[in-house]
Each structure stands twice: as C-alpha cells, then as structure tokens.
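Right, one structure below, let's go through it.
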Amino acid sequence: LGAEEKLTRHAQQVAPPSEKDVATKFNKLRGFVEIERIPEPYREPSERLTDWGEIYTPVKAHDVERKRQSARCMDCGTPFCQTHSGCPIHNLMPEWNELVFKEQWKSALDRLLTTNNFPEFTGRVCPAPCEGACVAGLVAAPVTIKNIEYSIIDRGFQEGWVKPRIPKERSGATIAIVGSGPAG
C-alpha cells in the first residue's frame with residue numbers, strides 16, 4: 001500500500017462514528033443509562049414576548065437525535081408516564097417512543113392519535129407531567145417525551161399524513177371558547 005492509502009485507511013479507522021452510526025449501534029436496553037437527555041432549548045423569554053413564534057429554538061433536532069432520545073425510554077414494567085400520575089389523557093408514550101426508535105414515524109403518529117386529538121397543541125403547551133412521572137427520572141433525567149410528541153405530529157404534517165376530517169353533515173350548532181391558554 002502507498003503512504004497516502006495507508007493514511008486514508010488510518011483516518012477511517014480513527015474517525016469518530018457518524019451520528020447515524022451512534023444512533024443505531026447502541027444498546028437500547030441501556031439507553032436510559034448510556035444516552036444523555038438532550039431536550040430542545042426554549043427561546044429566551046424576552047425574545048418570545050415580541051412575537052407569536054415557536055417557544056422552542058428554531059433549530060429542530062433531526063431524526064437521529066429523536067431516535068436516540070426515544071431509546072432512553074426503558075420499557076419499564078409500569079409506565080407511570082401514562083397513568084393518572086403522568087399523562088392526564090393517558091398517551092401511550094412507551095409505544096410511540098419504541099416506534100420512533102424503529103423509525104416507524106407513521107405508526108408512531110397513528111399510536112399517538114389513538115389517545116390524543118390535538119398533539120400539535122399538547123406537545124407544546126402541556127407542562128409534561130409524564131416527564132415528571134417517567135421511571136427513568138427516578139435514577140437519571142427523564143425521557144424527552146414532550147419533544148418526541150411534537151416531533152411526531154410535526155412529521156405527520158410535513159409528510160401529509162395528517163388530513164382534515166370534515167364531517168359529512170354539519171349540526172348547525174355554534175360554540176364559543178371563553179378563556180385563554182391550552183384549555184380555551
């Protein structure tokens with residue numbers, strides 16, 4: 001082998017693994033121990049006061065990071081995240097975390113929509129009691145459930161999987177929403 005070829009081979013051997021390699025070549029059973037929690041950061045409050053933009057930073061984590069974060073879900077025996085002490089609508093977090101880990105985003109969306117009619121709202125405004133109830137949070141930082149939830153629904157809109165369901169017949173009734181915040 002020539003010197004240049006040897007140098008190239010050596011560089012390939014010592015080069016750090018790509019993010020995709022890291023995401024796919026780790027032990028999912030120990031993900032909650034081996035993978036650091038990396039939630040999406042909020043924008044500065046002073047900046048948020050001046051607009052109606054997204055609360056999170058404009059740079060969204062990519063699919064590889066979402067897969068890594070979903071691998072932190074430890075498949076615990078009793079997922080408190082979806083019980084009365086966690087999610088008030090009993091979202092099936094362990095199930096859609098597993099589907100995101102397997103890169104089955106459409107199935108994750110279907111699973112999310114079985115319990116949640118408005119994940120595009122709850123994924124952003126909910127205070128995430130599920131994360132406070134997360135079993136992984138007993139020994140380390142909880143899973144980034146809220147970030148994963150809104151990533152699933154955002155992906156659904158981007159891919160065109162979410163479609164309006166217009167009723168065949170209108171009731172003629174009207175409603176008024178009084179109040180502010182996530183409750184209306």
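Going through the structure tokens in order, the chains are called A, B, and so on, while each chain numbers its residues from 1 and the ligands are numbered from 1 in the order shown.
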
Exercise. May I have the residues within 9 Å of A:Phe80 as a PyMOL selection string, using only C-alpha atoms and disregarding those fewer than 3 positions away in the same chain?
Key: chain A and resi 76+83-87+130+133-135

Quick one: write out the picked residues with N, CA, C and O atoms as a PDB file, in the first residue's frame?
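Writing the result to selection-v3.pdb gives the following:
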ATOM      1  N   CYS A  76     -40.208   0.114  30.903  1.00  0.00           N
ATOM      2  CA  CYS A  76     -40.391  -0.272  32.299  1.00  0.00           C
ATOM      3  C   CYS A  76     -41.670  -1.095  32.466  1.00  0.00           C
ATOM      4  O   CYS A  76     -42.575  -1.040  31.645  1.00  0.00           O
ATOM      5  N   THR A  83     -49.994   6.895  33.347  1.00  0.00           N
ATOM      6  CA  THR A  83     -51.014   6.651  34.369  1.00  0.00           C
ATOM      7  C   THR A  83     -51.562   7.975  34.893  1.00  0.00           C
ATOM      8  O   THR A  83     -51.181   9.042  34.438  1.00  0.00           O
ATOM      9  N   HIS A  84     -52.399   7.903  35.910  1.00  0.00           N
ATOM     10  CA  HIS A  84     -53.011   9.100  36.493  1.00  0.00           C
ATOM     11  C   HIS A  84     -51.969  10.063  37.075  1.00  0.00           C
ATOM     12  O   HIS A  84     -52.211  11.251  37.182  1.00  0.00           O
ATOM     13  N   SER A  85     -50.803   9.559  37.450  1.00  0.00           N
ATOM     14  CA  SER A  85     -49.753  10.445  37.978  1.00  0.00           C
ATOM     15  C   SER A  85     -48.908  11.066  36.861  1.00  0.00           C
ATOM     16  O   SER A  85     -48.080  11.918  37.115  1.00  0.00           O
ATOM     17  N   GLY A  86     -49.135  10.631  35.643  1.00  0.00           N
ATOM     18  CA  GLY A  86     -48.397  11.151  34.500  1.00  0.00           C
ATOM     19  C   GLY A  86     -49.320  11.893  33.553  1.00  0.00           C
ATOM     20  O   GLY A  86     -49.817  12.969  33.859  1.00  0.00           O
ATOM     21  N   CYS A  87     -49.592  11.299  32.428  1.00  0.00           N
ATOM     22  CA  CYS A  87     -50.382  11.943  31.376  1.00  0.00           C
ATOM     23  C   CYS A  87     -51.877  11.908  31.698  1.00  0.00           C
ATOM     24  O   CYS A  87     -52.449  10.833  31.867  1.00  0.00           O
ATOM     25  N   CYS A 130     -45.995  13.814  32.382  1.00  0.00           N
ATOM     26  CA  CYS A 130     -45.469  12.494  32.006  1.00  0.00           C
ATOM     27  C   CYS A 130     -43.962  12.422  32.256  1.00  0.00           C
ATOM     28  O   CYS A 130     -43.452  11.389  32.699  1.00  0.00           O
ATOM     29  N   ALA A 133     -43.297  11.928  35.836  1.00  0.00           N
ATOM     30  CA  ALA A 133     -43.643  10.585  36.290  1.00  0.00           C
ATOM     31  C   ALA A 133     -42.784   9.495  35.656  1.00  0.00           C
ATOM     32  O   ALA A 133     -42.900   8.332  36.021  1.00  0.00           O
ATOM     33  N   CYS A 134     -41.930   9.874  34.728  1.00  0.00           N
ATOM     34  CA  CYS A 134     -41.089   8.912  33.993  1.00  0.00           C
ATOM     35  C   CYS A 134     -40.213   8.112  34.957  1.00  0.00           C
ATOM     36  O   CYS A 134     -39.512   8.675  35.797  1.00  0.00           O
ATOM     37  N   VAL A 135     -40.243   6.800  34.832  1.00  0.00           N
ATOM     38  CA  VAL A 135     -39.470   5.922  35.713  1.00  0.00           C
ATOM     39  C   VAL A 135     -37.968   6.165  35.543  1.00  0.00           C
ATOM     40  O   VAL A 135     -37.215   6.108  36.512  1.00  0.00           O
TER      41      VAL A 135
END

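The residue that comes closest to A:Phe121, out of A:Ile38, A:Ala71, A:Val178, A:Ile153 and on the basis of only C-alpha atoms, is A:Ile153.
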
Quiz prompt | Nearby residues (only C-alpha atoms) at most 6 Å from stretch 97-114 of chain A, same-chain spacing under 6 positions excluded, as a PyMOL selection string | solution = chain A and resi 67+70-71+152

The selected residues should be written to file as a compact mmCIF listing (two decimals), in the first residue's frame (atoms: all heavy atoms).
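Once written, part05.txt looks like this:
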# COMPACT_ATOMS: atom_id res chain seq x y z
N LYS A 67 -34.37 9.64 17.59
CA LYS A 67 -34.23 8.20 17.78
C LYS A 67 -33.41 7.92 19.04
O LYS A 67 -33.77 7.06 19.84
CB LYS A 67 -33.54 7.59 16.55
CG LYS A 67 -33.34 6.10 16.67
CD LYS A 67 -32.78 5.51 15.40
CE LYS A 67 -32.58 4.02 15.58
NZ LYS A 67 -32.31 3.34 14.33
N SER A 70 -35.59 8.69 22.06
CA SER A 70 -36.64 7.68 22.26
C SER A 70 -36.05 6.38 22.81
O SER A 70 -36.74 5.63 23.51
CB SER A 70 -37.41 7.42 20.97
OG SER A 70 -36.58 6.81 20.00
N ALA A 71 -34.80 6.13 22.52
CA ALA A 71 -34.14 4.92 23.05
C ALA A 71 -33.95 5.01 24.55
O ALA A 71 -33.70 4.00 25.21
CB ALA A 71 -32.79 4.72 22.37
N ILE A 152 -43.38 13.97 16.39
CA ILE A 152 -44.22 13.00 15.67
C ILE A 152 -45.30 13.73 14.88
O ILE A 152 -45.49 13.47 13.68
CB ILE A 152 -44.85 11.98 16.64
CG1 ILE A 152 -43.77 11.10 17.27
CG2 ILE A 152 -45.89 11.13 15.93
CD1 ILE A 152 -44.27 10.24 18.42

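Once A:Pro142 and its same-chain neighbours fewer than 5 positions away are set aside, Phe32, Glu36, Arg37, Gln69, Arg72, Cys73, Cys81, Cys130, Glu131, Gly132, Ala133, Cys134, Val135, Ala136 and Gly137 of chain A remain within 10 Å of it when counting only C-alpha atoms.
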
I need the residues from that last selection saved to file as an mmCIF file, in the first residue's frame (with N, CA and C atoms), if you can.
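Output contents, as saved in out09.cif:
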data_model
loop_
_atom_site.group_PDB
_atom_site.id
_atom_site.type_symbol
_atom_site.label_atom_id
_atom_site.label_comp_id
_atom_site.auth_asym_id
_atom_site.auth_seq_id
_atom_site.Cartn_x
_atom_site.Cartn_y
_atom_site.Cartn_z
ATOM 1 N N PHE A 32 -31.388 4.459 28.593
ATOM 2 C CA PHE A 32 -31.655 5.450 29.637
ATOM 3 C C PHE A 32 -30.422 5.718 30.493
ATOM 4 N N GLU A 36 -27.422 10.599 27.070
ATOM 5 C CA GLU A 36 -27.730 11.806 27.826
ATOM 6 C C GLU A 36 -29.030 12.430 27.336
ATOM 7 N N ARG A 37 -29.822 12.927 28.269
ATOM 8 C CA ARG A 37 -31.050 13.653 27.904
ATOM 9 C C ARG A 37 -30.649 14.979 27.272
ATOM 10 N N GLN A 69 -33.080 9.860 21.667
ATOM 11 C CA GLN A 69 -33.858 10.219 22.852
ATOM 12 C C GLN A 69 -34.967 9.200 23.109
ATOM 13 N N ARG A 72 -34.065 6.197 25.114
ATOM 14 C CA ARG A 72 -33.937 6.357 26.561
ATOM 15 C C ARG A 72 -35.161 5.808 27.291
ATOM 16 N N CYS A 73 -36.268 5.632 26.573
ATOM 17 C CA CYS A 73 -37.464 5.038 27.171
ATOM 18 C C CYS A 73 -37.125 3.589 27.489
ATOM 19 N N CYS A 81 -45.624 7.191 33.290
ATOM 20 C CA CYS A 81 -45.823 8.327 32.386
ATOM 21 C C CYS A 81 -47.234 8.333 31.814
ATOM 22 N N CYS A 130 -45.995 13.814 32.382
ATOM 23 C CA CYS A 130 -45.469 12.494 32.006
ATOM 24 C C CYS A 130 -43.962 12.422 32.256
ATOM 25 N N GLU A 131 -43.264 13.514 31.983
ATOM 26 C CA GLU A 131 -41.818 13.515 32.207
ATOM 27 C C GLU A 131 -41.505 13.476 33.697
ATOM 28 N N GLY A 132 -42.334 14.126 34.502
ATOM 29 C CA GLY A 132 -42.151 14.071 35.948
ATOM 30 C C GLY A 132 -42.427 12.688 36.517
ATOM 31 N N ALA A 133 -43.297 11.928 35.836
ATOM 32 C CA ALA A 133 -43.643 10.585 36.290
ATOM 33 C C ALA A 133 -42.784 9.495 35.656
ATOM 34 N N CYS A 134 -41.930 9.874 34.728
ATOM 35 C CA CYS A 134 -41.089 8.912 33.993
ATOM 36 C C CYS A 134 -40.213 8.112 34.957
ATOM 37 N N VAL A 135 -40.243 6.800 34.832
ATOM 38 C CA VAL A 135 -39.470 5.922 35.713
ATOM 39 C C VAL A 135 -37.968 6.165 35.543
ATOM 40 N N ALA A 136 -37.533 6.447 34.322
ATOM 41 C CA ALA A 136 -36.106 6.741 34.108
ATOM 42 C C ALA A 136 -35.682 7.945 34.943
ATOM 43 N N GLY A 137 -36.616 8.845 35.210
ATOM 44 C CA GLY A 137 -36.327 10.030 36.012
ATOM 45 C C GLY A 137 -36.045 9.733 37.475
#
